[in-house]
file protein.cif (mmCIF, C-alpha atoms and all ligand atoms)
data_input
#
loop_
_atom_site.label_atom_id
_atom_site.label_comp_id
_atom_site.auth_asym_id
_atom_site.auth_seq_id
_atom_site.Cartn_x
_atom_site.Cartn_y
_atom_site.Cartn_z
CA MET A 98 -8.57 -16.02 7.55
CA ARG A 99 -6.56 -13.25 5.91
CA LYS A 100 -3.44 -12.10 7.74
CA LYS A 101 -3.42 -8.34 8.29
CA ILE A 102 -0.87 -6.29 6.38
CA ILE A 103 0.23 -3.03 7.95
CA ALA A 104 2.54 -0.96 5.79
CA GLY A 105 4.20 2.34 6.52
CA ASN A 106 4.62 4.76 3.63
CA TRP A 107 7.45 7.08 4.57
CA LYS A 108 6.90 9.25 1.45
CA MET A 109 9.74 11.77 0.88
CA ASN A 110 10.90 11.71 4.48
CA GLN A 111 14.03 10.40 6.22
CA THR A 112 17.58 10.80 4.94
CA PRO A 113 19.53 7.52 5.01
CA LYS A 114 20.93 8.40 8.44
CA GLN A 115 17.49 9.29 9.79
CA ALA A 116 16.10 6.11 8.23
CA LYS A 117 18.54 3.98 10.22
CA GLU A 118 17.63 5.84 13.39
CA LEU A 119 13.93 5.33 12.77
CA CYS A 120 14.48 1.60 12.23
CA THR A 121 16.39 1.42 15.51
CA LEU A 122 13.51 3.17 17.27
CA LEU A 123 10.76 1.03 15.74
CA LYS A 124 12.02 -2.41 14.85
CA ASP A 125 11.62 -4.20 18.17
CA LYS A 126 8.31 -2.47 18.80
CA VAL A 127 6.72 -3.51 15.51
CA ASN A 128 8.39 -6.86 14.88
CA THR A 129 5.61 -9.45 14.99
CA LYS A 130 4.46 -12.62 13.27
CA GLU A 131 0.80 -11.79 13.85
CA ALA A 132 0.63 -9.36 10.92
CA ASP A 133 2.76 -8.64 7.87
CA VAL A 134 4.58 -5.41 8.68
CA VAL A 135 6.20 -3.49 5.83
CA PHE A 136 8.31 -0.33 5.71
CA CYS A 137 7.92 1.34 2.31
CA VAL A 138 10.75 3.81 2.06
CA PRO A 139 12.46 6.20 -0.39
CA PHE A 140 14.87 4.53 -2.83
CA VAL A 141 18.00 5.94 -1.14
CA ASP A 142 16.87 4.50 2.19
CA LEU A 143 16.39 0.96 0.89
CA TYR A 144 19.92 -0.27 1.61
CA PRO A 145 20.21 1.17 5.11
CA VAL A 146 16.70 0.00 6.00
CA LEU A 147 17.24 -3.52 4.61
CA GLU A 148 20.43 -3.70 6.65
CA ALA A 149 18.85 -2.29 9.81
CA LEU A 150 15.92 -4.73 9.64
CA GLN A 151 17.99 -7.85 9.06
CA GLY A 152 16.96 -10.63 11.43
CA THR A 153 13.44 -9.22 11.89
CA ASP A 154 10.16 -10.23 10.21
CA ILE A 155 9.64 -6.70 8.91
CA ALA A 156 9.58 -6.55 5.11
CA VAL A 157 10.83 -3.67 3.02
CA GLY A 158 8.94 -2.01 0.18
CA ALA A 159 9.62 0.71 -2.36
CA GLU A 160 7.21 3.60 -2.96
CA ASN A 161 7.32 3.39 -6.76
CA MET A 162 9.12 1.75 -9.70
CA TYR A 163 9.18 2.04 -13.48
CA PHE A 164 7.62 -0.52 -15.80
CA ALA A 165 10.38 -0.86 -18.40
CA GLU A 166 12.97 -3.62 -18.00
CA SER A 167 15.93 -1.24 -18.35
CA GLY A 168 17.15 1.49 -20.67
CA ALA A 169 17.10 5.22 -21.30
CA TYR A 170 14.75 6.33 -18.51
CA THR A 171 16.87 8.83 -16.62
CA GLY A 172 16.05 8.93 -12.94
CA GLU A 173 13.88 5.84 -12.88
CA ILE A 174 14.29 2.61 -10.88
CA SER A 175 13.39 -0.81 -12.30
CA ALA A 176 11.64 -3.74 -10.67
CA ALA A 177 14.75 -5.90 -11.23
CA MET A 178 16.87 -3.39 -9.30
CA LEU A 179 14.47 -3.52 -6.36
CA LYS A 180 14.19 -7.30 -6.44
CA GLU A 181 17.94 -7.82 -6.45
CA MET A 182 18.30 -5.60 -3.39
CA GLY A 183 15.90 -7.75 -1.37
CA VAL A 184 12.86 -5.48 -1.62
CA LYS A 185 9.61 -7.43 -1.28
CA TYR A 186 6.74 -4.97 -1.84
CA VAL A 187 6.20 -1.93 -4.03
CA ILE A 188 3.49 0.72 -3.73
CA ILE A 189 1.97 1.41 -7.13
CA GLY A 190 -0.31 4.27 -8.14
CA HIS A 191 -0.36 6.19 -4.86
CA SER A 192 -2.64 9.20 -5.28
CA GLU A 193 0.32 11.55 -4.80
CA ARG A 194 2.03 9.92 -7.79
CA ARG A 195 -1.16 10.15 -9.81
CA GLU A 196 -1.65 13.80 -8.87
CA TYR A 197 1.91 15.19 -9.03
CA PHE A 198 3.72 12.84 -11.39
CA GLY A 199 1.17 12.08 -14.07
CA GLU A 200 0.53 8.41 -13.25
CA THR A 201 -2.50 7.10 -15.09
CA ASP A 202 -4.52 3.90 -14.77
CA GLU A 203 -2.58 2.68 -17.80
CA THR A 204 0.91 3.27 -16.36
CA VAL A 205 -0.29 1.86 -13.05
CA ASN A 206 -1.38 -1.31 -14.84
CA GLN A 207 1.97 -1.59 -16.64
CA LYS A 208 3.76 -1.22 -13.31
CA VAL A 209 1.60 -3.82 -11.58
CA LYS A 210 2.34 -6.27 -14.42
CA LYS A 211 6.08 -5.61 -14.32
CA ALA A 212 6.24 -5.86 -10.54
CA LEU A 213 4.54 -9.26 -10.60
CA GLU A 214 6.66 -10.51 -13.49
CA SER A 215 9.74 -9.52 -11.44
CA GLY A 216 8.63 -11.23 -8.25
CA LEU A 217 7.63 -8.10 -6.33
CA LEU A 218 4.34 -7.83 -4.42
CA PRO A 219 2.40 -4.75 -5.52
CA ILE A 220 0.35 -2.58 -3.19
CA LEU A 221 -2.09 -1.09 -5.69
CA CYS A 222 -3.64 2.18 -4.52
CA CYS A 223 -7.05 3.55 -5.38
CA GLY A 224 -9.37 6.15 -3.93
CA GLU A 225 -11.65 9.07 -4.66
CA THR A 226 -11.33 12.83 -4.27
CA LEU A 227 -13.70 14.75 -2.02
CA ALA A 228 -15.50 16.10 -5.12
CA GLN A 229 -16.03 12.56 -6.41
CA ARG A 230 -17.39 11.45 -3.03
CA GLU A 231 -19.74 14.41 -2.91
CA THR A 232 -20.92 13.66 -6.44
CA GLY A 233 -21.77 10.13 -5.33
CA ILE A 234 -19.41 8.35 -7.74
CA THR A 235 -16.95 6.85 -5.23
CA ILE A 236 -17.82 3.23 -5.90
CA GLU A 237 -17.88 3.59 -9.70
CA TRP A 238 -14.58 5.45 -9.62
CA VAL A 239 -12.81 2.89 -7.45
CA ARG A 240 -14.22 -0.01 -9.47
CA ILE A 241 -12.72 1.52 -12.62
CA GLN A 242 -9.35 2.05 -10.93
CA ILE A 243 -9.28 -1.59 -9.82
CA LYS A 244 -10.39 -2.97 -13.18
CA CYS A 245 -7.80 -0.87 -15.03
CA GLY A 246 -5.02 -1.52 -12.51
CA LEU A 247 -5.54 -5.27 -12.69
CA PHE A 248 -6.25 -5.48 -16.43
CA GLY A 249 -4.59 -8.57 -17.90
CA ILE A 250 -3.48 -9.90 -14.49
CA SER A 251 -4.22 -13.60 -13.95
CA ALA A 252 -6.06 -14.90 -10.90
CA GLU A 253 -2.88 -16.58 -9.67
CA ASP A 254 -0.99 -13.28 -9.85
CA ALA A 255 -3.88 -11.25 -8.45
CA LYS A 256 -3.54 -13.16 -5.17
CA LYS A 257 -0.12 -11.53 -4.74
CA VAL A 258 -1.58 -8.03 -5.01
CA THR A 259 -2.66 -5.99 -1.99
CA ILE A 260 -5.22 -3.28 -2.69
CA ALA A 261 -4.94 -0.06 -0.70
CA TYR A 262 -8.15 1.95 -0.58
CA GLU A 263 -7.16 5.50 0.25
CA PRO A 264 -9.76 8.25 -0.01
CA ILE A 265 -7.68 11.24 -1.14
CA TRP A 266 -9.54 13.60 1.19
CA ALA A 267 -8.36 11.52 4.15
CA ILE A 268 -4.65 11.35 3.25
CA GLY A 269 -2.46 13.49 5.48
CA THR A 270 -5.45 15.58 6.52
CA GLY A 271 -6.20 14.09 9.92
CA LYS A 272 -9.70 13.45 8.52
CA THR A 273 -10.24 9.69 8.64
CA ALA A 274 -13.04 7.91 6.80
CA THR A 275 -15.45 6.41 9.30
CA SER A 276 -15.15 2.67 9.67
CA ALA A 277 -18.53 2.36 7.90
CA GLN A 278 -17.41 4.50 4.95
CA ALA A 279 -14.13 2.58 4.65
CA GLN A 280 -15.88 -0.79 4.94
CA GLU A 281 -18.46 0.16 2.30
CA VAL A 282 -15.78 0.87 -0.30
CA CYS A 283 -13.57 -2.08 0.70
CA ALA A 284 -16.58 -4.39 0.35
CA ALA A 285 -17.24 -2.90 -3.09
CA ILE A 286 -13.61 -3.57 -4.00
CA ARG A 287 -13.98 -7.18 -2.89
CA GLN A 288 -17.10 -7.39 -5.03
CA VAL A 289 -15.23 -6.22 -8.14
CA LEU A 290 -12.43 -8.66 -7.33
CA THR A 291 -15.08 -11.41 -7.13
CA GLU A 292 -16.41 -10.41 -10.54
CA LEU A 293 -12.89 -10.49 -11.99
CA TYR A 294 -11.48 -13.58 -10.31
CA GLY A 295 -14.24 -15.44 -8.49
CA LYS A 296 -15.08 -15.66 -4.81
CA ASP A 297 -12.16 -17.83 -3.66
CA VAL A 298 -9.50 -15.52 -5.06
CA ALA A 299 -11.32 -12.38 -3.90
CA GLU A 300 -11.59 -13.80 -0.37
CA GLU A 301 -7.84 -14.41 -0.34
CA MET A 302 -6.83 -10.94 -1.50
CA ARG A 303 -6.00 -8.31 1.08
CA ILE A 304 -7.49 -4.83 1.07
CA GLN A 305 -5.97 -2.10 3.21
CA TYR A 306 -7.48 1.17 4.28
CA GLY A 307 -5.28 4.27 4.23
CA GLY A 308 -5.97 7.86 5.23
CA SER A 309 -4.96 9.31 8.59
CA VAL A 310 -4.80 5.93 10.31
CA ASN A 311 -3.45 6.40 13.84
CA GLY A 312 -3.00 4.54 17.09
CA LYS A 313 -6.52 5.44 18.19
CA ASN A 314 -8.62 4.64 15.12
CA ALA A 315 -6.76 1.56 13.82
CA ALA A 316 -8.62 -0.98 15.98
CA GLU A 317 -12.06 0.10 14.78
CA LEU A 318 -11.02 0.30 11.12
CA PHE A 319 -9.16 -3.01 11.11
CA ALA A 320 -12.09 -4.77 12.80
CA MET A 321 -14.20 -4.23 9.66
CA PRO A 322 -14.78 -7.48 7.73
CA ASP A 323 -13.23 -6.29 4.45
CA ILE A 324 -10.36 -4.23 5.88
CA ASP A 325 -7.20 -6.29 6.14
CA GLY A 326 -4.84 -3.71 7.57
CA GLY A 327 -3.61 -0.27 6.68
CA LEU A 328 -1.32 1.83 4.55
CA VAL A 329 -0.04 4.43 6.97
CA GLY A 330 1.70 7.69 6.13
CA GLY A 331 2.37 10.21 8.90
CA ALA A 332 1.98 7.83 11.84
CA SER A 333 4.49 5.35 10.35
CA LEU A 334 7.28 7.81 11.13
CA LYS A 335 6.57 7.77 14.86
CA GLU A 336 6.50 5.35 17.76
CA GLU A 337 2.72 5.46 17.30
CA PHE A 338 3.22 3.01 14.42
CA ALA A 339 3.66 0.33 17.09
CA ASP A 340 0.17 1.11 18.44
CA ILE A 341 -1.21 0.60 14.93
CA VAL A 342 0.64 -2.70 14.44
CA HIS A 343 -0.60 -3.89 17.87
CA TYR A 344 -4.10 -2.44 17.32
CA ASN A 345 -5.75 -5.48 18.91
CA LYS A 346 -3.78 -5.39 22.17
C1 LIG C 1 -0.52 7.47 2.74
O1 LIG C 1 0.55 8.03 2.58
O2 LIG C 1 -0.79 6.55 1.98
C2 LIG C 1 -1.39 7.89 3.83
C3 LIG C 1 -2.51 7.25 4.01
O3 LIG C 1 -0.98 8.95 4.58
P1 LIG C 1 -1.57 9.40 6.03
O4 LIG C 1 -1.63 8.16 6.87
O5 LIG C 1 -0.57 10.41 6.54
O6 LIG C 1 -2.92 9.97 5.80
#
call {"tool": "encode", "arguments": {"input": "protein.cif", "output": "structure tokens"}}
result
Amino acid sequence: MRKKIIAGNWKMNQTPKQAKELCTLLKDKVNTKEADVVFCVPFVDLYPVLEALQGTDIAVGAENMYFAESGAYTGEISAAMLKEMGVKYVIIGHSERREYFGETDETVNQKVKKALESGLLPILCCGETLAQRETGITIEWVRIQIKCGLFGISAEDAKKVTIAYEPIWAIGTGKTATSAQAQEVCAAIRQVLTELYGKDVAEEMRIQYGGSVNGKNAAELFAMPDIDGGLVGGASLKEEFADIVHYNK
């Protein structure tokens, strides 16, 4: 039985002071052993959030990292830097990074490799545009993203990766995929994981759905057999995040 993983993606929101306040508001409400709860926050918020969440079971994640070990990469943050701080997870290849910051399947793969080598747990994002869905190529597209993102990753390491299926047309739009649409793609992702790593490993790996998850739709989405939790943007910045974490109550 896979444990659910519910991760908030704060995106470019919350100054360090606001981050502390948000942790104070949320931490008791979302602290649970029933699911893995993660706050993925901007780099400058990592220290205050790690400090504010001390003594809880809530893990902290970054929203990005660079794949080089160190060196002349002005403005970038390495996996080793995150690891030393006490960061556990890192989101890799979010569609906003692919769209606005030129991330490709190749850089995503390099980042996944480096994260794993450094002891971080990657949350690898994939998902189709509305045009791709309407063209009927969603499954092919997502299969390619997964195969490229995990290229060269061993089965042992793959178990440490969480996949986040996020249809781009559903991110921040208030337009959620239906539970059937989300399940169809998550099942296809599990199928490609089976082809890559075999059934046992694929059954162990967690697949999140992301795209306008809220306190009302979480229960139906997370009840789907191949959906193991959510990657949550907007609603992770509000008390509503607690309703998502406690979706089954
Ligand atoms: C996201 O940021 O990954 C996301 C799914 O955002 P939202 O929940 O706001 O759609």
call {"tool": "closest_atom_pairs", "arguments": {"input": "protein.cif", "of": "chain A", "to": "ligand LIG 1 (chain C)", "cutoff": "7 Å", "atoms": "all atoms listed in the file", "output": "JSON lines"}}
result
{"residue": "A:Asn106", "atom": "CA", "partner": "C:LIG1", "partner_atom": "O1", "distance": 5.3}
{"residue": "A:Lys108", "atom": "CA", "partner": "C:LIG1", "partner_atom": "O1", "distance": 6.6}
{"residue": "A:His191", "atom": "CA", "partner": "C:LIG1", "partner_atom": "O2", "distance": 6.9}
{"residue": "A:Glu263", "atom": "CA", "partner": "C:LIG1", "partner_atom": "C3", "distance": 6.2}
{"residue": "A:Ala267", "atom": "CA", "partner": "C:LIG1", "partner_atom": "O6", "distance": 5.9}
{"residue": "A:Ile268", "atom": "CA", "partner": "C:LIG1", "partner_atom": "O6", "distance": 3.4}
{"residue": "A:Gly269", "atom": "CA", "partner": "C:LIG1", "partner_atom": "O6", "distance": 3.6}
{"residue": "A:Thr270", "atom": "CA", "partner": "C:LIG1", "partner_atom": "O6", "distance": 6.2}
{"residue": "A:Gly271", "atom": "CA", "partner": "C:LIG1", "partner_atom": "O6", "distance": 6.7}
{"residue": "A:Gly307", "atom": "CA", "partner": "C:LIG1", "partner_atom": "C3", "distance": 4.1}
{"residue": "A:Gly308", "atom": "CA", "partner": "C:LIG1", "partner_atom": "C3", "distance": 3.7}
{"residue": "A:Ser309", "atom": "CA", "partner": "C:LIG1", "partner_atom": "O6", "distance": 3.5}
{"residue": "A:Val310", "atom": "CA", "partner": "C:LIG1", "partner_atom": "O4", "distance": 5.2}
{"residue": "A:Leu328", "atom": "CA", "partner": "C:LIG1", "partner_atom": "O2", "distance": 5.4}
{"residue": "A:Val329", "atom": "CA", "partner": "C:LIG1", "partner_atom": "O4", "distance": 4.1}
{"residue": "A:Gly330", "atom": "CA", "partner": "C:LIG1", "partner_atom": "O3", "distance": 3.3}
{"residue": "A:Gly331", "atom": "CA", "partner": "C:LIG1", "partner_atom": "O5", "distance": 3.8}
{"residue": "A:Ala332", "atom": "CA", "partner": "C:LIG1", "partner_atom": "O4", "distance": 6.2}
call {"tool": "residues_around", "arguments": {"input": "protein.cif", "residues": "stretch 208-221 of chain A", "least_positions_apart": "6", "cutoff": "8 Å", "atoms": "all atoms listed in the file", "output": "list in words"}}
result
Met162, Tyr163, Phe164, Ala165, Ala176, Ala177, Lys180, Val184, Lys185, Tyr186, Val187, Ile188, Ile189, Gly190, His191, Gly246, Leu247, Ile250, Asp254, Lys257, Val258, Thr259, Ile260 and Ala261 of chain A
call {"tool": "residues_around", "arguments": {"input": "protein.cif", "residues": "A:Val135", "least_positions_apart": "6", "cutoff": "8 Å", "atoms": "all atoms listed in the file", "output": "list in words"}}
result
Ile102, Ile103, Ala104, Gly105, Ile155, Ala156, Val157, Gly158 and Tyr186 of chain A
call {"tool": "closest_atom_pairs", "arguments": {"input": "protein.cif", "of": "stretch 227-264 of chain A", "to": "stretch 279-297 of chain A", "cutoff": "7 Å", "atoms": "only C-alpha atoms", "output": "CSV"}}
result
residue,atom,partner,partner_atom,distance
A:Ile236,CA,A:Val282,CA,6.4
A:Arg240,CA,A:Val289,CA,6.4
A:Ala252,CA,A:Tyr294,CA,5.6
A:Tyr262,CA,A:Cys283,CA,6.9
call {"tool": "closest_residue", "arguments": {"input": "protein.cif", "among": "A:Ile241, A:Pro145, A:Lys101, A:Val205", "to": "A:Met182", "atoms": "only C-alpha atoms"}}
result
A:Pro145
call {"tool": "atom_distance", "arguments": {"input": "protein.cif", "atom1": "atom CA of A:Leu123", "atom2": "atom CA of A:Lys335"}}
result
8.0 Å
call {"tool": "closest_residue", "arguments": {"input": "protein.cif", "among": "A:Gln242, A:Gln278, A:Thr121, A:Thr153", "to": "A:Arg195", "atoms": "all atoms listed in the file"}}
result
A:Gln242
call {"tool": "residues_near_point", "arguments": {"input": "protein.cif", "point": "(-9.3, 3.8, 10.9)", "cutoff": "9 Å", "atoms": "all atoms listed in the file", "output": "VMD selection string"}}
result
chain A and resid 273 to 276 279 306 to 319 327
call {"tool": "atom_distance", "arguments": {"input": "protein.cif", "atom1": "atom CA of A:Glu237", "atom2": "atom CA of A:Ala299"}}
result
18.2 Å
call {"tool": "residues_around", "arguments": {"input": "protein.cif", "residues": "A:Glu203", "least_positions_apart": "3", "cutoff": "8 Å", "atoms": "all atoms listed in the file", "output": "list in words"}}
result
Glu200, Asn206, Gln207, Cys245 and Gly246 of chain A
call {"tool": "atom_distance", "arguments": {"input": "protein.cif", "atom1": "atom CA of A:Val127", "atom2": "atom CA of A:Ala339"}}
result
5.2 Å
call {"tool": "axis_aligned_box", "arguments": {"input": "protein.cif", "around": "stretch 334-344 of chain A", "padding_each_side": "8 Å", "output": "JSON"}}
result
{"center_x": 1.6, "center_y": 2.0, "center_z": 14.8, "size_x": 27.4, "size_y": 27.7, "size_z": 23.3}
call {"tool": "build_atoms", "arguments": {"input": "protein.cif", "residues": "stretch 134-152 of chain A", "atoms": "N, CA, C and O atoms", "output": "mmCIF file, in the coordinates of the input"}}
result
data_model
loop_
_atom_site.group_PDB
_atom_site.id
_atom_site.type_symbol
_atom_site.label_atom_id
_atom_site.label_comp_id
_atom_site.auth_asym_id
_atom_site.auth_seq_id
_atom_site.Cartn_x
_atom_site.Cartn_y
_atom_site.Cartn_z
ATOM 1 N N VAL A 134 4.211 -6.818 8.490
ATOM 2 C CA VAL A 134 4.580 -5.410 8.680
ATOM 3 C C VAL A 134 5.594 -5.038 7.599
ATOM 4 O O VAL A 134 6.537 -5.782 7.342
ATOM 5 N N VAL A 135 5.352 -3.908 6.955
ATOM 6 C CA VAL A 135 6.200 -3.490 5.830
ATOM 7 C C VAL A 135 6.596 -2.033 6.013
ATOM 8 O O VAL A 135 5.749 -1.211 6.368
ATOM 9 N N PHE A 136 7.872 -1.732 5.759
ATOM 10 C CA PHE A 136 8.310 -0.330 5.710
ATOM 11 C C PHE A 136 8.549 0.013 4.238
ATOM 12 O O PHE A 136 9.462 -0.530 3.621
ATOM 13 N N CYS A 137 7.724 0.883 3.688
ATOM 14 C CA CYS A 137 7.920 1.340 2.310
ATOM 15 C C CYS A 137 8.663 2.669 2.377
ATOM 16 O O CYS A 137 8.156 3.643 2.969
ATOM 17 N N VAL A 138 9.841 2.700 1.795
ATOM 18 C CA VAL A 138 10.750 3.810 2.060
ATOM 19 C C VAL A 138 11.302 4.389 0.759
ATOM 20 O O VAL A 138 11.265 3.730 -0.281
ATOM 21 N N PRO A 139 11.853 5.612 0.814
ATOM 22 C CA PRO A 139 12.460 6.200 -0.390
ATOM 23 C C PRO A 139 13.606 5.316 -0.916
ATOM 24 O O PRO A 139 14.263 4.618 -0.134
ATOM 25 N N PHE A 140 13.855 5.398 -2.213
ATOM 26 C CA PHE A 140 14.870 4.530 -2.830
ATOM 27 C C PHE A 140 16.213 4.594 -2.098
ATOM 28 O O PHE A 140 16.836 3.571 -1.854
ATOM 29 N N VAL A 141 16.661 5.814 -1.755
ATOM 30 C CA VAL A 141 18.000 5.940 -1.140
ATOM 31 C C VAL A 141 18.049 5.347 0.254
ATOM 32 O O VAL A 141 19.135 5.139 0.796
ATOM 33 N N ASP A 142 16.902 5.094 0.843
ATOM 34 C CA ASP A 142 16.870 4.500 2.190
ATOM 35 C C ASP A 142 16.796 2.968 2.147
ATOM 36 O O ASP A 142 16.878 2.309 3.185
ATOM 37 N N LEU A 143 16.624 2.411 0.955
ATOM 38 C CA LEU A 143 16.390 0.960 0.890
ATOM 39 C C LEU A 143 17.559 0.171 1.480
ATOM 40 O O LEU A 143 17.341 -0.715 2.313
ATOM 41 N N TYR A 144 18.792 0.497 1.076
ATOM 42 C CA TYR A 144 19.920 -0.270 1.610
ATOM 43 C C TYR A 144 20.035 -0.148 3.115
ATOM 44 O O TYR A 144 20.055 -1.166 3.821
ATOM 45 N N PRO A 145 20.103 1.085 3.648
ATOM 46 C CA PRO A 145 20.210 1.170 5.110
ATOM 47 C C PRO A 145 19.050 0.513 5.856
ATOM 48 O O PRO A 145 19.250 -0.113 6.900
ATOM 49 N N VAL A 146 17.850 0.589 5.305
ATOM 50 C CA VAL A 146 16.700 0.000 6.000
ATOM 51 C C VAL A 146 16.757 -1.534 5.904
ATOM 52 O O VAL A 146 16.528 -2.233 6.899
ATOM 53 N N LEU A 147 17.108 -2.057 4.739
ATOM 54 C CA LEU A 147 17.240 -3.520 4.610
ATOM 55 C C LEU A 147 18.276 -4.034 5.608
ATOM 56 O O LEU A 147 18.075 -5.064 6.256
ATOM 57 N N GLU A 148 19.362 -3.289 5.731
ATOM 58 C CA GLU A 148 20.430 -3.700 6.650
ATOM 59 C C GLU A 148 19.947 -3.610 8.102
ATOM 60 O O GLU A 148 20.113 -4.551 8.880
ATOM 61 N N ALA A 149 19.289 -2.506 8.420
ATOM 62 C CA ALA A 149 18.850 -2.290 9.810
ATOM 63 C C ALA A 149 17.780 -3.305 10.239
ATOM 64 O O ALA A 149 17.655 -3.606 11.426
ATOM 65 N N LEU A 150 17.023 -3.819 9.284
ATOM 66 C CA LEU A 150 15.920 -4.730 9.640
ATOM 67 C C LEU A 150 16.291 -6.209 9.512
ATOM 68 O O LEU A 150 15.443 -7.077 9.726
ATOM 69 N N GLN A 151 17.550 -6.449 9.174
ATOM 70 C CA GLN A 151 17.990 -7.850 9.060
ATOM 71 C C GLN A 151 17.707 -8.596 10.359
ATOM 72 O O GLN A 151 17.924 -8.063 11.443
ATOM 73 N N GLY A 152 17.225 -9.827 10.242
ATOM 74 C CA GLY A 152 16.960 -10.630 11.430
ATOM 75 C C GLY A 152 15.576 -10.370 12.024
ATOM 76 O O GLY A 152 15.205 -10.986 13.018
#
